[in-house]
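What follows is the content of model05.txt, which has compact mmCIF, C-alpha atoms:
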```
# COMPACT_ATOMS: atom_id res chain seq x y z
CA MET A 21 52.20 2.44 93.79
CA ARG A 22 52.14 3.93 90.33
CA LYS A 23 52.08 0.38 88.83
CA THR A 24 49.07 -0.50 90.95
CA PHE A 25 47.23 2.62 89.80
CA PHE A 26 47.81 1.83 86.13
CA LEU A 27 46.70 -1.82 86.64
CA ALA A 28 43.41 -0.73 88.25
CA ALA A 29 42.80 1.79 85.51
CA SER A 30 43.45 -0.85 82.88
CA LEU A 31 40.96 -3.25 84.50
CA ALA A 32 38.31 -0.55 84.78
CA PHE A 33 38.72 0.30 81.11
CA SER A 34 38.48 -3.38 80.17
CA VAL A 35 35.25 -3.85 82.13
CA SER A 36 33.80 -0.69 80.62
CA ALA A 37 34.71 -1.80 77.11
CA GLN A 38 33.08 -5.22 77.70
CA ALA A 39 29.91 -3.57 79.00
CA GLN A 40 29.71 -1.34 75.92
CA LEU A 41 30.26 -4.35 73.66
CA LEU A 42 27.48 -6.28 75.47
CA ASP A 43 25.10 -3.31 75.04
CA ILE A 44 25.86 -3.22 71.29
CA ILE A 45 25.12 -6.97 71.00
CA LYS A 46 21.81 -6.62 72.90
CA SER A 47 20.77 -3.68 70.76
CA THR A 48 21.57 -5.54 67.54
CA VAL A 49 19.65 -8.65 68.67
CA LYS A 50 16.59 -6.56 69.60
CA GLU A 51 16.71 -4.73 66.24
CA LYS A 52 17.01 -7.91 64.19
CA THR A 53 14.77 -10.28 66.15
CA GLY A 54 12.64 -8.15 68.40
CA VAL A 55 13.93 -10.08 71.45
CA ASP A 56 14.88 -7.84 74.37
CA LEU A 57 17.72 -9.62 76.16
CA ASN A 58 17.31 -7.26 79.11
CA ASN A 59 13.80 -8.69 79.66
CA PRO A 60 13.84 -12.32 78.46
CA PRO A 61 10.45 -14.11 78.23
CA LYS A 62 9.60 -16.20 81.25
CA THR A 63 9.66 -19.94 80.66
CA LYS A 64 6.55 -21.72 81.90
CA THR A 65 7.43 -24.74 83.94
CA THR A 66 4.87 -27.50 83.66
CA SER A 67 4.97 -30.38 86.01
CA ALA A 68 3.93 -33.62 84.45
CA THR A 69 1.16 -35.26 86.41
CA THR A 70 0.41 -38.93 86.08
CA ASN A 71 -3.10 -40.09 86.69
CA VAL A 72 -2.96 -43.40 88.51
CA ASN A 73 -6.16 -45.28 88.65
CA THR A 74 -5.99 -46.95 92.00
CA PRO A 75 -8.20 -50.01 92.01
CA SER A 76 -10.76 -49.96 94.69
CA THR A 77 -9.95 -52.35 97.47
CA PRO A 78 -12.51 -55.10 97.65
CA SER A 79 -14.36 -55.29 100.88
CA PRO A 80 -13.04 -57.99 103.18
CA ASN A 81 -16.38 -59.73 103.16
CA ARG A 82 -19.63 -59.67 101.34
CA SER A 83 -21.49 -57.95 104.18
CA SER A 84 -20.30 -54.48 103.16
CA SER A 85 -21.84 -54.85 99.71
CA VAL A 86 -25.03 -56.77 100.37
CA ASN A 87 -27.99 -54.61 101.19
CA LEU A 88 -29.82 -56.77 103.68
CA ASN A 89 -32.13 -53.90 104.59
CA ASN A 90 -34.15 -54.63 101.46
CA LEU A 91 -34.60 -58.28 102.40
CA THR A 92 -36.63 -59.86 105.13
CA SER A 93 -35.27 -62.81 107.10
CA THR A 94 -37.91 -65.02 105.52
CA GLN A 95 -36.85 -63.98 102.01
CA ILE A 96 -33.20 -64.68 102.73
CA SER A 97 -34.01 -68.10 104.14
CA SER A 98 -36.36 -68.95 101.27
CA GLY A 99 -33.84 -67.85 98.65
CA LEU A 100 -31.00 -69.92 100.09
CA LYS A 101 -33.19 -72.99 100.54
CA GLU A 102 -34.43 -72.71 96.98
CA ALA A 103 -30.89 -72.39 95.64
CA LEU A 104 -29.80 -75.49 97.54
CA ASN A 105 -32.83 -77.48 96.51
CA LEU A 106 -32.15 -76.62 92.88
CA GLY A 107 -28.53 -77.64 93.23
CA VAL A 108 -29.36 -80.94 94.90
CA ASN A 109 -32.22 -81.89 92.59
CA GLU A 110 -30.36 -81.00 89.40
CA GLY A 111 -27.18 -82.61 90.63
CA VAL A 112 -28.81 -85.89 91.62
CA LYS A 113 -30.83 -85.91 88.39
CA LYS A 114 -27.73 -85.45 86.23
CA LEU A 115 -25.64 -87.96 88.15
CA GLY A 116 -28.27 -90.65 88.65
CA VAL A 117 -28.41 -91.72 85.00
CA THR A 118 -26.23 -93.92 82.81
CA ASP A 119 -22.88 -92.14 82.30
CA GLY A 120 -23.88 -89.45 84.81
CA PHE A 121 -20.57 -90.03 86.58
CA LEU A 122 -18.60 -91.83 83.89
CA LYS A 123 -18.92 -89.15 81.17
CA ASN A 124 -18.63 -86.16 83.50
CA GLU A 125 -14.90 -85.47 83.93
CA ALA A 126 -15.53 -83.23 86.95
CA VAL A 127 -16.93 -86.11 89.02
CA LYS A 128 -15.83 -89.28 87.20
CA ILE A 129 -14.61 -91.90 89.67
CA LEU A 130 -11.12 -93.04 88.76
CA MET A 131 -9.33 -96.16 89.86
CA PRO A 132 -8.46 -95.97 93.56
CA GLU A 133 -4.99 -94.54 94.11
CA LYS A 134 -3.82 -97.73 95.84
CA LEU A 135 -4.85 -99.74 92.79
CA ARG A 136 -3.54 -97.48 90.01
CA LYS A 137 -0.46 -99.62 89.66
CA ILE A 138 -2.88 -102.40 88.74
CA ASP A 139 -4.14 -100.25 85.89
CA THR A 140 -0.62 -99.59 84.61
CA THR A 141 0.40 -103.24 84.87
CA LEU A 142 -2.71 -104.62 83.19
CA ARG A 143 -2.44 -102.15 80.31
CA SER A 144 1.22 -103.04 79.81
CA LEU A 145 0.13 -106.67 79.50
CA GLY A 146 -2.60 -105.90 76.97
CA MET A 147 -5.46 -106.08 79.47
CA GLY A 148 -6.59 -102.48 79.12
CA LYS A 149 -10.20 -103.49 78.44
CA LEU A 150 -10.40 -105.24 81.78
CA ALA A 151 -9.06 -102.14 83.55
CA ASP A 152 -11.55 -99.91 81.69
CA GLU A 153 -14.39 -102.21 82.64
CA GLY A 154 -13.40 -101.99 86.30
CA VAL A 155 -13.49 -98.16 86.25
CA LYS A 156 -16.78 -98.12 84.34
CA LEU A 157 -18.47 -100.34 86.91
CA LEU A 158 -17.31 -98.17 89.80
CA ASN A 159 -19.12 -95.27 88.12
CA ARG A 160 -22.17 -97.41 87.39
CA ALA A 161 -22.43 -98.22 91.11
CA ALA A 162 -22.28 -94.50 91.96
CA GLU A 163 -24.93 -93.68 89.36
CA ASP A 164 -27.18 -96.32 90.87
CA ALA A 165 -26.64 -95.23 94.49
CA VAL A 166 -26.75 -91.44 94.17
CA THR A 167 -30.54 -91.17 94.31
CA GLU A 168 -30.31 -91.95 98.03
CA ALA A 169 -28.93 -88.44 98.57
CA ALA A 170 -32.07 -86.43 97.86
CA PRO A 171 -34.12 -87.07 101.04
CA ILE A 172 -31.09 -86.54 103.31
CA PHE A 173 -30.32 -83.23 101.64
CA THR A 174 -33.96 -82.18 101.81
CA ASN A 175 -34.02 -82.71 105.57
CA ALA A 176 -30.85 -80.65 106.08
CA ILE A 177 -32.13 -77.82 103.89
CA THR A 178 -35.48 -77.70 105.71
CA SER A 179 -33.74 -77.37 109.08
CA MET A 180 -31.69 -74.33 108.01
CA THR A 181 -32.14 -71.43 110.45
CA ILE A 182 -32.48 -67.72 109.69
CA THR A 183 -29.01 -67.13 111.11
CA ASP A 184 -27.60 -69.92 108.93
CA ALA A 185 -29.19 -68.34 105.87
CA LYS A 186 -27.79 -64.85 106.55
CA ASN A 187 -24.31 -66.20 107.13
CA ILE A 188 -24.49 -68.22 103.94
CA LEU A 189 -25.65 -65.26 101.85
CA LEU A 190 -22.75 -63.16 103.13
CA GLY A 191 -20.30 -66.01 102.67
CA SER A 192 -18.16 -67.34 99.85
CA ASN A 193 -19.38 -68.63 96.49
CA ASN A 194 -19.84 -72.13 97.93
CA ALA A 195 -20.94 -71.20 101.46
CA ALA A 196 -24.31 -72.93 101.05
CA THR A 197 -22.65 -76.10 99.80
CA ASN A 198 -20.21 -76.04 102.72
CA TYR A 199 -23.14 -75.69 105.11
CA LEU A 200 -24.87 -78.63 103.51
CA GLN A 201 -21.73 -80.73 103.62
CA THR A 202 -21.22 -80.01 107.32
CA LYS A 203 -24.81 -80.94 108.10
CA THR A 204 -25.08 -84.08 105.97
CA GLN A 205 -21.65 -85.67 105.44
CA SER A 206 -21.90 -88.36 108.12
CA GLN A 207 -25.58 -89.05 107.37
CA LEU A 208 -24.85 -89.40 103.68
CA PHE A 209 -22.03 -91.86 104.27
CA THR A 210 -24.16 -93.98 106.60
CA ALA A 211 -27.04 -94.01 104.10
CA PHE A 212 -24.86 -94.46 101.01
CA GLU A 213 -22.56 -97.25 102.15
CA PRO A 214 -25.09 -100.12 102.09
CA LYS A 215 -26.61 -98.73 98.90
CA VAL A 216 -23.21 -98.55 97.21
CA GLN A 217 -22.41 -102.07 98.42
CA ALA A 218 -25.63 -103.32 96.86
CA SER A 219 -24.96 -101.33 93.68
CA LEU A 220 -21.44 -102.75 93.33
CA GLY A 221 -22.99 -106.21 93.38
CA LYS A 222 -25.91 -105.20 91.18
CA VAL A 223 -23.73 -103.92 88.32
CA GLY A 224 -21.15 -106.69 88.74
CA ALA A 225 -18.35 -104.39 89.89
CA ASP A 226 -17.41 -106.55 92.87
CA THR A 227 -16.87 -109.62 90.67
CA VAL A 228 -14.84 -107.72 88.09
CA TRP A 229 -12.65 -106.13 90.72
CA LYS A 230 -11.97 -109.42 92.46
CA ASN A 231 -10.84 -110.70 89.07
CA LEU A 232 -8.71 -107.59 88.46
CA ILE A 233 -6.96 -107.79 91.82
CA SER A 234 -6.51 -111.54 91.56
CA LYS A 235 -4.85 -111.28 88.14
CA TYR A 236 -2.57 -108.49 89.32
CA ASN A 237 -1.53 -110.33 92.46
CA MET A 238 -0.85 -113.51 90.44
CA LEU A 239 1.22 -111.67 87.82
CA THR A 240 3.24 -109.59 90.26
CA GLY A 241 3.37 -111.82 93.31
CA GLN A 242 1.96 -108.96 95.40
CA ALA A 243 -1.08 -108.85 97.65
CA VAL A 244 -3.10 -105.70 96.94
CA THR A 245 -6.45 -105.03 98.60
CA THR A 246 -8.70 -102.01 99.06
CA ASP A 247 -12.15 -101.21 100.42
CA LEU A 248 -14.01 -100.44 97.20
CA ASN A 249 -17.27 -99.84 99.04
CA GLU A 250 -15.82 -97.07 101.21
CA TYR A 251 -13.99 -95.56 98.23
CA VAL A 252 -17.02 -95.44 95.92
CA THR A 253 -19.25 -94.15 98.74
CA THR A 254 -16.89 -91.25 99.42
CA GLU A 255 -16.44 -90.42 95.74
CA THR A 256 -20.19 -90.51 95.13
CA ILE A 257 -20.80 -88.02 97.94
CA ASN A 258 -17.99 -85.78 96.67
CA GLY A 259 -19.57 -85.85 93.22
CA VAL A 260 -22.92 -84.67 94.55
CA PHE A 261 -21.33 -81.79 96.45
CA LYS A 262 -19.36 -80.80 93.36
CA MET A 263 -22.59 -80.48 91.38
CA VAL A 264 -24.32 -78.52 94.15
CA ALA A 265 -21.34 -76.15 94.45
CA ASP A 266 -21.36 -75.51 90.68
CA LYS A 267 -25.06 -74.66 90.81
CA GLU A 268 -24.63 -72.36 93.80
CA ASN A 269 -21.73 -70.54 92.17
CA GLY A 270 -23.78 -70.08 89.02
CA ILE A 271 -26.76 -68.63 90.89
CA ARG A 272 -24.54 -66.24 92.84
CA ASN A 273 -22.64 -64.94 89.82
CA ASN A 274 -24.96 -65.33 86.83
CA SER A 275 -28.35 -63.65 86.96
CA VAL A 276 -29.59 -65.84 84.09
CA MET A 277 -29.47 -68.85 86.42
CA ARG A 278 -31.85 -67.18 88.89
CA THR A 279 -34.97 -68.71 87.48
CA THR A 280 -37.43 -67.59 90.16
CA SER A 281 -38.37 -64.22 91.65
CA ILE A 282 -37.04 -65.11 95.11
CA LEU A 283 -33.65 -66.11 93.68
CA GLN A 284 -33.52 -62.87 91.72
CA LYS A 285 -34.35 -60.75 94.76
CA VAL A 286 -32.07 -62.46 97.30
CA PHE A 287 -29.00 -62.99 95.12
CA GLY A 288 -29.54 -59.71 93.31
CA ALA A 289 -28.73 -58.01 96.63
CA GLN A 290 -25.11 -59.20 96.39
CA ASP A 291 -24.49 -58.29 92.73
CA GLY A 292 -22.75 -55.04 93.64
CA LYS A 293 -19.88 -56.75 95.36
```
How does the structure come out when it is put into structure tokens?
Amino acid sequence: MRKTFFLAASLAFSVSAQAQLLDIIKSTVKEKTGVDLNNPPKTKTTSATTNVNTPSTPSPNRSSSVNLNNLTSTQISSGLKEALNLGVNEGVKKLGVTDGFLKNEAVKILMPEKLRKIDTTLRSLGMGKLADEGVKLLNRAAEDAVTEAAPIFTNAITSMTITDAKNILLGSNNAATNYLQTKTQSQLFTAFEPKVQASLGKVGADTVWKNLISKYNMLTGQAVTTDLNEYVTTETINGVFKMVADKENGIRNNSVMRTTSILQKVFGAQDGK
């Protein structure tokens, strides 16, 4: 019992001595530095905030950004028809001249896929000039035939309805071209095929290609044939649509290409997209 009493007294003295020592240290620190350890300064906690610029989500379609209220149905129709007419006329004009297809890499007609092995074989045998002549004449036939497109396109553009025009304006960058293709594809092929056939004969492509295929078949012992008329007809039509699509895309996205007031007004309505 007495030992317990002395142990408790010893602990109490120790704690008291430590407290006195701590008070002396605090006093000395305050005297020397002015810092009161009994009332330490509060530390300001700043939370770092990161500004994230969230890109605005594009509208799912053009209708949310095109202000049709400022356009009449007649204006929309006129603007789309004018854009298509420009595309067709400029496209046909550029393609329907010497080298219009041949020197334009976007629409140049290459050797038919079925006959490309002919090209490789002839070049390996030193007959590259003959192969080049065959490709050149395919493009010459297209250049000669493409003028047939204009009146067919004109008829399709004239028959465009108000509803067609609105849907096209709110559509993709080549919506007008797609409309035109849907309306004219079969008519174009029917009109082009005899013209291309005549053009192949006119520029001498049919004779050259018979010679090409004959030489290849003789050298390889194979029998290769293809319908050049159908191939050139299809490629010619594709070339025209490519040119029209390029023009449409330019008018939609480049105000400089809107050369008339109606184009500026109609396509200006979709600039905020």
Q: Could you jot down the CA of Leu91 (chain A) to CA of Leu283 (chain A) separation for me, Å, one decimal place?
A: 11.8 Å
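The closest residue to Asp139 (chain A), picked from A:Val108, A:Ile233, A:Val260, A:Val228 and counting all atoms listed in the file, is A:Ile233.
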Q) Could you tell me, as a PyMOL selection string, which residues have any atom at most 8 Å from (-12.4, -91.5, 90.0), counting only C-alpha atoms? A) chain A and resi 127-132+155+159+255
Q.
Need the shell around Ala196 (chain A): protein/DNA/RNA residues with any atom at most 12 Å away, counting all atoms listed in the file. Skip same-chain ones fewer than 3 positions apart. Format as a count of residues only?
A. 39
Q: State, in Å with one decimal place, the distance from CA of Asp291 (chain A) to CA of Thr94 (chain A).
A: 19.7 Å
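In this model, the gap between CA of Ser219 (chain A) and CA of Leu248 (chain A) comes to 11.5 Å.
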(Q) I'd like the contact shell of Phe209 (chain A) - 7 Å cut-off, only C-alpha atoms, skipping same-chain residues fewer than 4 positions apart - returned as a list in words. (A)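 Once the nearby chain positions are removed, what remains is Gln205, Glu213 and Thr253 of chain A.
Of the residues under consideration (A:Thr92, A:Tyr251, A:Ser275, A:Val244), A:Val244 shows the shortest atom-to-atom contact distance to Lys137 (chain A) when counting only C-alpha atoms.
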With 3 Å added on each side, what axis-aligned box encloses every listed atom of region 103-118 of chain A? Give the centre and edge lengths in Å to one decimal, as lines of an AutoDock Vina configuration file.
```
center_x = -29.2
center_y = -83.2
center_z = 90.2
size_x = 13.2
size_y = 27.5
size_z = 20.7
```
